[in-house]
Each structure stands twice: as structure tokens, then as C-alpha cells.
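Q: What follows is the file upload-v2.txt, containing compact mmCIF, C-alpha atoms and all ligand atoms:
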# COMPACT_ATOMS: atom_id res chain seq x y z
CA MET R 30 -20.85 -23.74 35.26
CA LYS R 31 -19.79 -20.17 34.44
CA TYR R 32 -21.74 -18.16 31.88
CA TYR R 33 -20.80 -15.21 29.71
CA LEU R 34 -22.98 -12.48 28.23
CA GLY R 35 -22.26 -10.97 24.82
CA ILE R 36 -23.72 -8.73 22.15
CA ASP R 37 -22.77 -8.58 18.49
CA LEU R 38 -23.88 -5.14 17.35
CA GLY R 39 -24.45 -5.09 13.61
CA GLY R 40 -25.93 -2.56 11.24
CA THR R 41 -28.99 -4.83 10.83
CA ASN R 42 -29.36 -6.72 14.11
CA ILE R 43 -28.45 -6.53 17.77
CA ALA R 44 -27.63 -10.18 18.48
CA ALA R 45 -27.27 -11.10 22.14
CA GLY R 46 -26.18 -14.46 23.51
CA VAL R 47 -25.40 -16.32 26.68
CA VAL R 48 -22.34 -18.56 26.29
CA ASP R 49 -21.34 -21.33 28.69
CA GLU R 50 -17.78 -22.16 29.71
CA ASN R 51 -17.57 -24.77 26.94
CA TYR R 52 -18.27 -21.96 24.46
CA ASN R 53 -21.76 -23.13 23.54
CA ILE R 54 -24.41 -20.49 22.99
CA VAL R 55 -27.14 -21.58 25.42
CA ALA R 56 -29.58 -18.72 24.72
CA ARG R 57 -29.86 -16.09 22.04
CA HIS R 58 -31.99 -13.06 21.39
CA SER R 59 -31.91 -10.86 18.32
CA ILE R 60 -33.69 -7.57 17.60
CA PRO R 61 -33.42 -5.16 14.66
CA THR R 62 -30.79 -2.46 15.22
CA GLY R 63 -32.82 0.30 13.63
CA ALA R 64 -29.57 2.01 12.70
CA HIS R 65 -31.39 5.22 11.74
CA ARG R 66 -32.34 5.81 15.38
CA SER R 67 -30.45 7.82 17.98
CA PHE R 68 -27.39 6.42 19.73
CA GLU R 69 -29.25 6.51 23.07
CA GLU R 70 -32.21 4.50 21.72
CA ILE R 71 -29.97 1.83 20.20
CA VAL R 72 -27.90 1.48 23.38
CA ALA R 73 -31.09 1.18 25.48
CA ASP R 74 -32.17 -1.67 23.17
CA MET R 75 -28.77 -3.33 23.52
CA ALA R 76 -29.19 -3.37 27.30
CA ARG R 77 -32.74 -4.67 26.89
CA ALA R 78 -31.53 -7.48 24.60
CA ALA R 79 -28.85 -8.44 27.13
CA LYS R 80 -31.39 -8.62 29.95
CA GLU R 81 -33.82 -10.63 27.83
CA VAL R 82 -31.26 -13.18 26.76
CA ALA R 83 -30.19 -13.65 30.38
CA GLU R 84 -33.81 -14.28 31.26
CA LYS R 85 -34.14 -16.78 28.38
CA ALA R 86 -31.12 -18.63 29.81
CA GLY R 87 -32.84 -18.63 33.21
CA LEU R 88 -30.01 -16.62 34.79
CA PRO R 89 -30.06 -13.42 36.86
CA LEU R 90 -27.77 -10.60 35.68
CA SER R 91 -25.74 -11.16 38.83
CA ALA R 92 -24.64 -14.51 37.35
CA PHE R 93 -22.40 -12.61 34.91
CA THR R 94 -19.18 -10.77 35.59
CA SER R 95 -19.26 -8.59 32.47
CA LEU R 96 -21.13 -7.66 29.32
CA GLY R 97 -18.98 -7.98 26.20
CA VAL R 98 -19.86 -6.06 23.05
CA GLY R 99 -18.55 -6.47 19.52
CA SER R 100 -19.14 -3.28 17.60
CA PRO R 101 -18.25 -2.12 14.09
CA SER R 102 -15.62 0.24 15.48
CA CYS R 103 -13.18 0.34 18.34
CA ILE R 104 -12.87 1.95 21.74
CA ASN R 105 -10.06 4.39 22.25
CA PRO R 106 -8.70 3.26 25.63
CA LYS R 107 -7.51 6.81 26.39
CA THR R 108 -10.90 8.45 25.96
CA GLY R 109 -13.27 5.50 26.52
CA LEU R 110 -15.12 6.62 23.41
CA LEU R 111 -16.19 4.42 20.55
CA THR R 112 -14.37 6.23 17.80
CA PHE R 113 -16.21 5.59 14.57
CA ALA R 114 -19.03 3.30 13.47
CA ASN R 115 -19.69 4.05 9.84
CA ASN R 116 -22.94 2.12 9.31
CA MET R 117 -24.42 3.64 12.47
CA GLY R 118 -23.22 7.18 11.77
CA TRP R 119 -21.51 7.25 15.21
CA ARG R 120 -18.38 9.25 15.93
CA ASN R 121 -16.76 9.41 19.37
CA VAL R 122 -19.78 8.18 21.34
CA PRO R 123 -19.56 7.16 25.04
CA ILE R 124 -21.00 3.65 24.51
CA ILE R 125 -19.72 2.14 27.78
CA GLU R 126 -21.00 5.04 29.90
CA GLU R 127 -24.38 4.92 28.14
CA LEU R 128 -24.73 1.12 28.52
CA LYS R 129 -23.95 1.38 32.22
CA LYS R 130 -26.97 3.67 32.69
CA HIS R 131 -29.11 0.65 31.83
CA ILE R 132 -27.19 -2.38 33.04
CA ASP R 133 -25.20 -2.92 36.21
CA LEU R 134 -22.22 -4.86 34.84
CA PRO R 135 -18.68 -4.00 33.75
CA VAL R 136 -18.82 -3.42 29.97
CA LEU R 137 -16.10 -4.38 27.50
CA VAL R 138 -16.28 -3.22 23.89
CA TYR R 139 -14.08 -4.36 21.03
CA ASN R 140 -14.19 -4.26 17.28
CA ASP R 141 -16.64 -6.85 15.92
CA ALA R 142 -14.09 -8.42 13.55
CA ASP R 143 -11.70 -8.86 16.50
CA CYS R 144 -14.50 -10.52 18.45
CA ALA R 145 -15.18 -12.91 15.54
CA ALA R 146 -11.47 -13.79 15.42
CA LEU R 147 -11.50 -14.44 19.17
CA GLY R 148 -14.62 -16.61 18.82
CA GLU R 149 -13.00 -18.72 16.09
CA ALA R 150 -9.79 -18.96 18.13
CA LEU R 151 -11.61 -20.14 21.25
CA ALA R 152 -14.36 -22.30 19.83
CA GLY R 153 -14.15 -22.55 16.05
CA ALA R 154 -11.74 -23.34 13.25
CA ALA R 155 -8.69 -22.14 15.23
CA LYS R 156 -9.57 -23.79 18.54
CA GLY R 157 -6.44 -24.34 20.55
CA TYR R 158 -4.26 -21.86 18.65
CA GLN R 159 -2.72 -18.82 20.30
CA ASN R 160 -1.75 -16.89 17.15
CA VAL R 161 -4.61 -16.60 14.71
CA LEU R 162 -5.15 -14.37 11.70
CA MET R 163 -8.75 -14.07 10.57
CA ILE R 164 -9.62 -12.46 7.24
CA THR R 165 -13.23 -12.00 6.17
CA LEU R 166 -13.88 -11.67 2.46
CA GLY R 167 -17.25 -9.95 2.23
CA THR R 168 -18.53 -6.69 0.79
CA GLY R 169 -15.25 -5.40 2.18
CA VAL R 170 -12.24 -7.17 3.67
CA GLY R 171 -12.14 -7.21 7.47
CA GLY R 172 -10.28 -9.22 10.01
CA GLY R 173 -8.83 -9.66 13.42
CA MET R 174 -5.58 -10.91 14.87
CA ILE R 175 -5.13 -12.94 18.02
CA LEU R 176 -1.53 -12.65 19.21
CA ASP R 177 -0.42 -14.89 22.08
CA GLY R 178 -4.07 -15.53 22.95
CA ARG R 179 -5.03 -11.86 23.10
CA ILE R 180 -6.68 -9.50 20.66
CA PHE R 181 -4.12 -7.28 18.96
CA LYS R 182 -5.25 -3.68 19.45
CA GLY R 183 -2.48 -1.28 18.48
CA ALA R 184 -2.24 2.41 19.34
CA ASP R 185 -5.53 3.96 20.50
CA GLY R 186 -7.23 0.59 19.93
CA ALA R 187 -7.30 1.37 16.23
CA GLY R 188 -5.08 -1.48 15.02
CA PHE R 189 -5.64 -4.17 12.46
CA GLU R 190 -7.34 -3.09 9.30
CA PRO R 191 -6.03 -5.80 6.96
CA GLY R 192 -8.39 -4.76 4.15
CA HIS R 193 -6.67 -1.41 3.89
CA THR R 194 -3.12 -2.62 3.47
CA VAL R 195 -1.96 -1.69 -0.01
CA ILE R 196 -1.16 -4.63 -2.27
CA VAL R 197 -1.01 -2.79 -5.62
CA TYR R 198 0.92 0.49 -5.91
CA ASP R 199 -1.27 3.20 -7.47
CA GLY R 200 -4.02 0.61 -7.91
CA VAL R 201 -7.82 0.74 -7.85
CA MET R 202 -9.39 3.48 -5.67
CA CYS R 203 -10.67 2.08 -2.36
CA THR R 204 -13.70 3.22 -0.34
CA CYS R 205 -11.23 4.47 2.30
CA GLY R 206 -9.73 7.02 -0.07
CA LYS R 207 -6.44 5.18 -0.68
CA LYS R 208 -5.48 3.33 -3.84
CA GLY R 209 -4.62 -0.35 -4.22
CA CYS R 210 -6.01 -1.70 -0.91
CA LEU R 211 -6.49 -5.45 -0.44
CA GLU R 212 -10.20 -4.67 0.01
CA SER R 213 -10.46 -3.34 -3.57
CA TYR R 214 -9.09 -6.62 -4.95
CA GLY R 215 -9.91 -9.35 -2.41
CA SER R 216 -13.48 -8.45 -1.40
CA ALA R 217 -16.55 -9.95 -3.05
CA THR R 218 -17.05 -6.48 -4.53
CA GLY R 219 -13.56 -6.65 -6.05
CA LEU R 220 -14.21 -10.14 -7.41
CA ILE R 221 -17.47 -8.97 -9.01
CA ASN R 222 -15.66 -6.08 -10.70
CA GLN R 223 -12.91 -8.41 -11.97
CA THR R 224 -15.58 -10.82 -13.24
CA LYS R 225 -17.37 -8.07 -15.17
CA VAL R 226 -14.15 -6.87 -16.81
CA ALA R 227 -13.37 -10.44 -17.94
CA MET R 228 -16.92 -10.93 -19.24
CA GLN R 229 -16.66 -7.82 -21.37
CA ALA R 230 -13.39 -9.10 -22.84
CA HIS R 231 -14.79 -12.62 -23.39
CA PRO R 232 -18.30 -12.46 -24.89
CA GLN R 233 -18.32 -16.26 -25.37
CA SER R 234 -17.55 -17.06 -21.74
CA LEU R 235 -19.93 -19.28 -19.77
CA MET R 236 -20.05 -16.51 -17.18
CA HIS R 237 -22.59 -14.70 -19.40
CA GLU R 238 -24.92 -17.68 -19.31
CA PHE R 239 -24.42 -18.14 -15.60
CA CYS R 240 -25.80 -14.68 -14.87
CA GLY R 241 -28.52 -14.76 -17.53
CA HIS R 242 -26.61 -12.35 -19.81
CA ASP R 243 -27.26 -9.63 -17.26
CA LEU R 244 -24.13 -7.92 -15.89
CA SER R 245 -26.12 -6.60 -12.92
CA LYS R 246 -26.67 -10.22 -11.81
CA VAL R 247 -22.94 -11.00 -11.52
CA ASP R 248 -22.08 -12.09 -7.99
CA GLY R 249 -19.25 -13.72 -6.08
CA ARG R 250 -20.15 -17.15 -7.49
CA THR R 251 -20.26 -16.29 -11.20
CA ALA R 252 -16.55 -16.83 -11.91
CA PHE R 253 -16.12 -19.72 -9.46
CA GLU R 254 -19.10 -21.70 -10.78
CA SER R 255 -18.22 -21.09 -14.45
CA ALA R 256 -14.60 -22.08 -13.79
CA LYS R 257 -15.81 -25.38 -12.30
CA GLN R 258 -17.42 -26.09 -15.68
CA GLY R 259 -14.12 -25.58 -17.45
CA ASP R 260 -14.49 -21.99 -18.62
CA LYS R 261 -10.98 -20.64 -19.24
CA ALA R 262 -11.80 -16.93 -18.84
CA ALA R 263 -13.56 -17.67 -15.54
CA GLN R 264 -10.64 -19.74 -14.32
CA ASP R 265 -8.32 -16.82 -15.08
CA VAL R 266 -10.54 -14.53 -12.97
CA VAL R 267 -10.49 -17.02 -10.10
CA ASP R 268 -6.70 -17.49 -10.31
CA GLN R 269 -6.05 -13.77 -10.32
CA TYR R 270 -8.51 -13.14 -7.48
CA ILE R 271 -6.92 -15.83 -5.31
CA SER R 272 -3.48 -14.39 -6.07
CA TYR R 273 -4.56 -10.99 -4.74
CA VAL R 274 -5.91 -12.62 -1.58
CA ALA R 275 -2.70 -14.66 -1.25
CA VAL R 276 -0.53 -11.53 -1.51
CA GLY R 277 -2.58 -9.85 1.24
CA ILE R 278 -2.58 -12.87 3.57
CA GLY R 279 1.05 -13.64 2.68
CA ASN R 280 2.19 -10.15 3.73
CA LEU R 281 0.25 -10.27 6.99
CA SER R 282 1.53 -13.78 7.71
CA THR R 283 5.11 -12.74 7.04
CA VAL R 284 4.82 -9.95 9.61
CA LEU R 285 2.65 -11.62 12.26
CA ARG R 286 3.44 -15.33 11.77
CA PRO R 287 0.05 -16.78 12.72
CA GLU R 288 -0.19 -20.53 13.31
CA ILE R 289 -3.37 -20.64 11.26
CA VAL R 290 -5.39 -18.33 9.00
CA ILE R 291 -9.19 -18.36 9.20
CA VAL R 292 -10.97 -17.23 6.07
CA GLY R 293 -14.52 -16.02 6.66
CA GLY R 294 -17.26 -14.54 4.49
CA GLY R 295 -19.49 -16.00 1.80
CA ILE R 296 -16.62 -16.82 -0.57
CA CYS R 297 -15.15 -19.31 1.91
CA ASN R 298 -17.95 -21.71 0.87
CA GLN R 299 -15.81 -22.32 -2.25
CA LYS R 300 -13.61 -24.67 -0.25
CA GLU R 301 -11.72 -26.65 -2.90
CA CYS R 302 -11.75 -23.86 -5.46
CA LEU R 303 -10.58 -21.18 -3.03
CA LEU R 304 -8.70 -22.65 -0.08
CA ASP R 305 -6.66 -25.33 -1.85
CA PRO R 306 -5.19 -22.96 -4.46
CA LEU R 307 -4.86 -20.24 -1.81
CA ASN R 308 -2.74 -22.53 0.35
CA GLU R 309 -0.60 -23.36 -2.69
CA LYS R 310 -0.06 -19.70 -3.50
CA LEU R 311 0.74 -18.84 0.12
CA GLN R 312 3.90 -20.88 -0.35
CA ASP R 313 5.02 -18.15 -2.77
CA TYR R 314 4.06 -15.17 -0.64
CA VAL R 315 4.99 -16.09 2.94
CA PHE R 316 8.63 -15.43 3.80
CA GLY R 317 10.63 -18.60 4.39
CA ALA R 318 7.69 -20.87 3.50
CA SER R 319 9.92 -23.58 2.00
CA ASP R 320 11.99 -23.78 5.19
CA ILE R 321 9.66 -22.90 8.05
CA GLY R 322 6.32 -23.39 6.33
CA ALA R 323 3.33 -21.13 5.76
CA PRO R 324 0.25 -21.09 8.00
CA GLU R 325 -2.64 -23.11 6.65
CA ALA R 326 -5.72 -21.17 5.54
CA VAL R 327 -8.98 -22.83 6.64
CA ALA R 328 -12.62 -21.83 6.44
CA ALA R 329 -14.34 -20.19 9.40
CA THR R 330 -16.77 -22.60 11.06
CA LEU R 331 -18.90 -20.51 13.40
CA GLY R 332 -20.51 -18.03 10.99
CA ASN R 333 -22.31 -15.24 12.83
CA ASP R 334 -21.95 -17.09 16.14
CA ALA R 335 -18.22 -16.24 16.20
CA GLY R 336 -19.01 -12.59 16.93
CA ILE R 337 -21.36 -13.40 19.81
CA ILE R 338 -19.01 -15.96 21.36
CA GLY R 339 -15.99 -13.66 21.03
CA ALA R 340 -17.86 -10.69 22.51
CA ALA R 341 -19.16 -12.75 25.43
CA LEU R 342 -15.68 -14.16 26.12
CA LEU R 343 -13.87 -10.80 25.96
CA GLU R 344 -13.38 -10.80 29.73
CA LYS R 345 -11.53 -14.09 29.42
CA CYS R 346 -8.89 -12.66 27.13
CA MET R 347 -8.34 -9.80 29.63
CA GLU R 348 -7.34 -12.22 32.40
ZN ZN U 401 -8.76 1.01 1.69
Starting from the file, give its structure as C-alpha cells.

A:
Amino acid sequence: MKYYLGIDLGGTNIAAGVVDENYNIVARHSIPTGAHRSFEEIVADMARAAKEVAEKAGLPLSAFTSLGVGSPSCINPKTGLLTFANNMGWRNVPIIEELKKHIDLPVLVYNDADCAALGEALAGAAKGYQNVLMITLGTGVGGGMILDGRIFKGADGAGFEPGHTVIVYDGVMCTCGKKGCLESYGSATGLINQTKVAMQAHPQSLMHEFCGHDLSKVDGRTAFESAKQGDKAAQDVVDQYISYVAVGIGNLSTVLRPEIVIVGGGICNQKECLLDPLNEKLQDYVFGASDIGAPEAVAATLGNDAGIIGAALLEKCME
């Protein structure tokens, strides 16, 4: 049996795992990132977590042929530097060089959303597919694209930021400084804003009851749950929100032609209310859908494990 070693580096936790060749996580070890600390301290802890998880799996480090890391940024292949990790405050840091001071293995680093997409493509909802688009609807909108079985990287490894494709000309200001990004409309944050606007226009809506008449308690479920109970204003919010998501996924699918679209993030728990209407709307937004079809959107199945599995298996998609 061959084993793979991976780390999913998040703003909150450093999650390390050992993955077997059937893509099962056989050991895991998680420690707080302590994102306020220095780059060197965090990297030393990453190496420590990798060694500890190997030990938990009962394997020597020599049993592995690489350490894969999913990080909230990307490596510029020209400079070998991790370019930008917002939640860590890192800019152009030599993460591979620093890791190698602590651990004697080849190190591969990719964007964490790309690693999650790879994990879902190898072992999750897109198992068996070679062309997979993954979109995560969370606080922001992230995603990864597997093209012909490999992670799509683009120039300087900086490719694939689906959340920052513009879907509304001169639209809502995005956190990235542009206007009208998919992230501003399709994220949970966007949905919450849309819900609040509708609540202010519809004082009788069930949505007010659902959040205890407290606008600060509105979350990603408020509109969905109220719509399920037949509230018209809530249903309008849900319809409009799904349309925004469908435009974003429809554009990406028209360009990249994935075989399947994985939708991740908390909102994907709304299976019937989100995915069924989303698949219907994709028929309108994917080029040639009536003749050649549109890719089916399905919910991610691996949760946080996708990032660990994808990171661990990075060496496999380099073969
Ligand atoms: Zn943006």
C-alpha cells in the first residue's frame, strides 16, 4: 500500500493527514495555526504536524515520496515564492525552502481551493471525472478547476479566481476592489445582503420572524428556510440568488466545459432548494445546453477532508 502525506493550511487550523492509495484518510492531526505568529513559527509547526501524523499512522517519513500542502495562496513557479496569503499576512514568502529546513521530503504547494477540487475529483463527488469545476459558496466564492485530470494553474500559478469574474457590469463593490464580481452576489455574504434588502422592503415577510426580528441575525438560511414555508419575498430572494450563481457557473462552464460542477460551502446543504433550481437555470446560461447539454451541479461530499486528500495527492497529479 502506498501512502501520501498532506497538509491543509487554514487561517484557523493546520490540518495534516495521511492518505492511502484508496484515498482514505488513515490518520489525521490538527493544531491551531496561530495566524498572528511569524511565518517561520507557523512553518515549523506545519512540519511538526506532518511528522506527528506520520507517527500516528505508524509510518516513517521515508515511507512518503512528498509532502503536499494546500495553502490559501499560490506558488509562483518562476520564483518558488508563495505570493500572497491574505489571512496570514504573507506576501512572497519562501514556504518550500522554509519547510525543507524541517522535513526531508520534496514539497509541493498549491492553492487550497485547487487542492479541494482535486480531492473531490479523486475521491469525492466528482470521482472518475477528468474535467471538474468546483465552486465554493462561503464567506467568499472560491474554486478550483481540474482540466484533463490536472489542476489548472495559469500564468505564474495565479489562475482560477472564479469569485472575481464580473457578472454584473458596474455592480456591487467587491472586497477585491472591482465591481460586480460573482463573489459579491453568489457568496453567503451576498445572499445575506440580498436577504436584508428584501426584508426591509417586505416588513410582513416570514424572514423577520425567522431571525427574531433582528437584522443582525440574518444568515444564509433565512431566505431559504422562509421560502420553504411559502414566503413569496423569500422565494424571490432565493430565485435571484440562484440566478446569480447560475450566471457565474454558466459562464465558467461555457469556457471550460467541465463534465461536472461541484458546489461546496455551507449553502450546498440546501440540496433541493439550491441544486435542483440551479441545474434548471444552467440550461439557460451554458452555451449550447439544449444540444450538447450542461454539466450537472452536485454537492461536494468530502467537506474539509477534500483539502487534505487533494494536498496529499498533489504528487499524483504531477505524474
Ligand atoms: Zn472581486

Q: Would you tabulate, counting only C-alpha atoms, all residues of region 258-309 of chain R that have an atom at most 12 Å from an atom of region 207-210 of chain R, showing the closest pair of atoms and their distance in Å to one decimal, sorted by chain then ascending number, as CSV?

A:
residue,atom,partner,partner_atom,distance
R:Tyr273,CA,R:Cys210,CA,10.2
R:Val274,CA,R:Cys210,CA,10.9
R:Val276,CA,R:Cys210,CA,11.3
R:Gly277,CA,R:Cys210,CA,9.1

Q: Write out as JSON, numbers by chain each polymer residue whose atoms come within 12 Å of Val267 (chain R), counting all atoms listed in the file; drop sequence neighbours fewer than 2 positions from it.

A: {"R": [214, 215, 217, 219, 220, 221, 223, 224, 227, 236, 249, 250, 251, 252, 253, 254, 255, 256, 257, 259, 260, 261, 262, 263, 264, 265, 269, 270, 271, 272, 273, 274, 296, 299, 302, 303, 304, 306, 307]}

Q: Calculate how many Å separate CA of His231 (chain R) from atom ZN of ligand ZN 401 (chain U), rounding to one decimal.

A: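 Separating CA of His231 (chain R) from atom ZN of ligand ZN 401 (chain U) is a distance of 29.2 Å.
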
Q: In Å, rounded to a single decimal, give me how far CA of Gly118 (chain R) is from CA of Ala145 (chain R).

A: 22.0 Å

Q: Which residues are near ligand ZN 401 (chain U) in this structure, taking near to mean any atom at most 12 Å from a ligand atom and counting only C-alpha atoms and all ligand atoms? Format them as a short mmCIF file (atom, residue, chain, number, x, y, z; two decimals) with C-alpha atoms, keeping the file's coordinate frame.

A:
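Dumped to selection-v2.cif:
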data_model
loop_
_atom_site.label_atom_id
_atom_site.label_comp_id
_atom_site.auth_asym_id
_atom_site.auth_seq_id
_atom_site.Cartn_x
_atom_site.Cartn_y
_atom_site.Cartn_z
CA GLY R 169 -15.25 -5.40 2.18
CA VAL R 170 -12.24 -7.17 3.67
CA GLY R 171 -12.14 -7.21 7.47
CA GLU R 190 -7.34 -3.09 9.30
CA PRO R 191 -6.03 -5.80 6.96
CA GLY R 192 -8.39 -4.76 4.15
CA HIS R 193 -6.67 -1.41 3.89
CA THR R 194 -3.12 -2.62 3.47
CA VAL R 195 -1.96 -1.69 -0.01
CA ILE R 196 -1.16 -4.63 -2.27
CA VAL R 197 -1.01 -2.79 -5.62
CA GLY R 200 -4.02 0.61 -7.91
CA VAL R 201 -7.82 0.74 -7.85
CA MET R 202 -9.39 3.48 -5.67
CA CYS R 203 -10.67 2.08 -2.36
CA THR R 204 -13.70 3.22 -0.34
CA CYS R 205 -11.23 4.47 2.30
CA GLY R 206 -9.73 7.02 -0.07
CA LYS R 207 -6.44 5.18 -0.68
CA LYS R 208 -5.48 3.33 -3.84
CA GLY R 209 -4.62 -0.35 -4.22
CA CYS R 210 -6.01 -1.70 -0.91
CA LEU R 211 -6.49 -5.45 -0.44
CA GLU R 212 -10.20 -4.67 0.01
CA SER R 213 -10.46 -3.34 -3.57
CA TYR R 214 -9.09 -6.62 -4.95
CA GLY R 215 -9.91 -9.35 -2.41
CA SER R 216 -13.48 -8.45 -1.40
CA GLY R 219 -13.56 -6.65 -6.05
#

Q: Where atoms are missing, can you supply N, CA and C atoms for region 225-250 of chain R and output the lot as a CSV table (one decimal), keeping the file's coordinate frame?

A:
chain,number,residue,atom,x,y,z
R,225,LYS,N,-16.7,-8.9,-14.1
R,225,LYS,CA,-17.4,-8.1,-15.2
R,225,LYS,C,-16.4,-7.7,-16.3
R,226,VAL,N,-15.2,-7.3,-15.8
R,226,VAL,CA,-14.2,-6.9,-16.8
R,226,VAL,C,-13.8,-8.1,-17.7
R,227,ALA,N,-13.7,-9.2,-17.1
R,227,ALA,CA,-13.4,-10.4,-17.9
R,227,ALA,C,-14.5,-10.8,-18.9
R,228,MET,N,-15.8,-10.6,-18.4
R,228,MET,CA,-16.9,-10.9,-19.2
R,228,MET,C,-17.0,-10.0,-20.5
R,229,GLN,N,-16.6,-8.7,-20.2
R,229,GLN,CA,-16.7,-7.8,-21.4
R,229,GLN,C,-15.6,-8.2,-22.4
R,230,ALA,N,-14.5,-8.7,-21.9
R,230,ALA,CA,-13.4,-9.1,-22.8
R,230,ALA,C,-13.7,-10.5,-23.5
R,231,HIS,N,-14.5,-11.3,-22.9
R,231,HIS,CA,-14.8,-12.6,-23.4
R,231,HIS,C,-16.3,-12.9,-23.6
R,232,PRO,N,-16.8,-12.4,-24.7
R,232,PRO,CA,-18.3,-12.5,-24.9
R,232,PRO,C,-18.8,-13.9,-25.0
R,233,GLN,N,-17.9,-14.9,-25.3
R,233,GLN,CA,-18.3,-16.3,-25.4
R,233,GLN,C,-18.3,-17.0,-24.0
R,234,SER,N,-17.8,-16.4,-23.0
R,234,SER,CA,-17.6,-17.1,-21.7
R,234,SER,C,-18.9,-17.6,-21.1
R,235,LEU,N,-18.8,-18.7,-20.5
R,235,LEU,CA,-19.9,-19.3,-19.8
R,235,LEU,C,-20.5,-18.3,-18.7
R,236,MET,N,-19.6,-17.4,-18.3
R,236,MET,CA,-20.0,-16.5,-17.2
R,236,MET,C,-21.3,-15.7,-17.6
R,237,HIS,N,-21.4,-15.4,-18.9
R,237,HIS,CA,-22.6,-14.7,-19.4
R,237,HIS,C,-23.9,-15.5,-19.2
R,238,GLU,N,-23.8,-16.8,-19.5
R,238,GLU,CA,-24.9,-17.7,-19.3
R,238,GLU,C,-25.3,-17.8,-17.8
R,239,PHE,N,-24.2,-17.9,-17.0
R,239,PHE,CA,-24.4,-18.1,-15.6
R,239,PHE,C,-25.2,-17.0,-15.0
R,240,CYS,N,-25.0,-15.8,-15.5
R,240,CYS,CA,-25.8,-14.7,-14.9
R,240,CYS,C,-26.9,-14.2,-15.8
R,241,GLY,N,-27.4,-15.1,-16.7
R,241,GLY,CA,-28.5,-14.8,-17.5
R,241,GLY,C,-28.3,-13.6,-18.5
R,242,HIS,N,-27.0,-13.4,-18.9
R,242,HIS,CA,-26.6,-12.4,-19.8
R,242,HIS,C,-27.0,-11.0,-19.2
R,243,ASP,N,-26.9,-10.9,-17.9
R,243,ASP,CA,-27.3,-9.6,-17.3
R,243,ASP,C,-26.1,-9.3,-16.3
R,244,LEU,N,-25.3,-8.3,-16.7
R,244,LEU,CA,-24.1,-7.9,-15.9
R,244,LEU,C,-24.5,-7.5,-14.5
R,245,SER,N,-25.7,-7.0,-14.3
R,245,SER,CA,-26.1,-6.6,-12.9
R,245,SER,C,-26.4,-7.8,-12.0
R,246,LYS,N,-26.4,-9.0,-12.6
R,246,LYS,CA,-26.7,-10.2,-11.8
R,246,LYS,C,-25.4,-11.0,-11.5
R,247,VAL,N,-24.2,-10.4,-11.9
R,247,VAL,CA,-22.9,-11.0,-11.5
R,247,VAL,C,-22.8,-11.0,-10.0
R,248,ASP,N,-22.4,-12.1,-9.4
R,248,ASP,CA,-22.1,-12.1,-8.0
R,248,ASP,C,-20.8,-12.9,-7.7
R,249,GLY,N,-20.5,-13.1,-6.5
R,249,GLY,CA,-19.2,-13.7,-6.1
R,249,GLY,C,-19.1,-15.2,-6.6
R,250,ARG,N,-20.2,-15.8,-7.0
R,250,ARG,CA,-20.2,-17.2,-7.5
R,250,ARG,C,-19.9,-17.3,-9.0
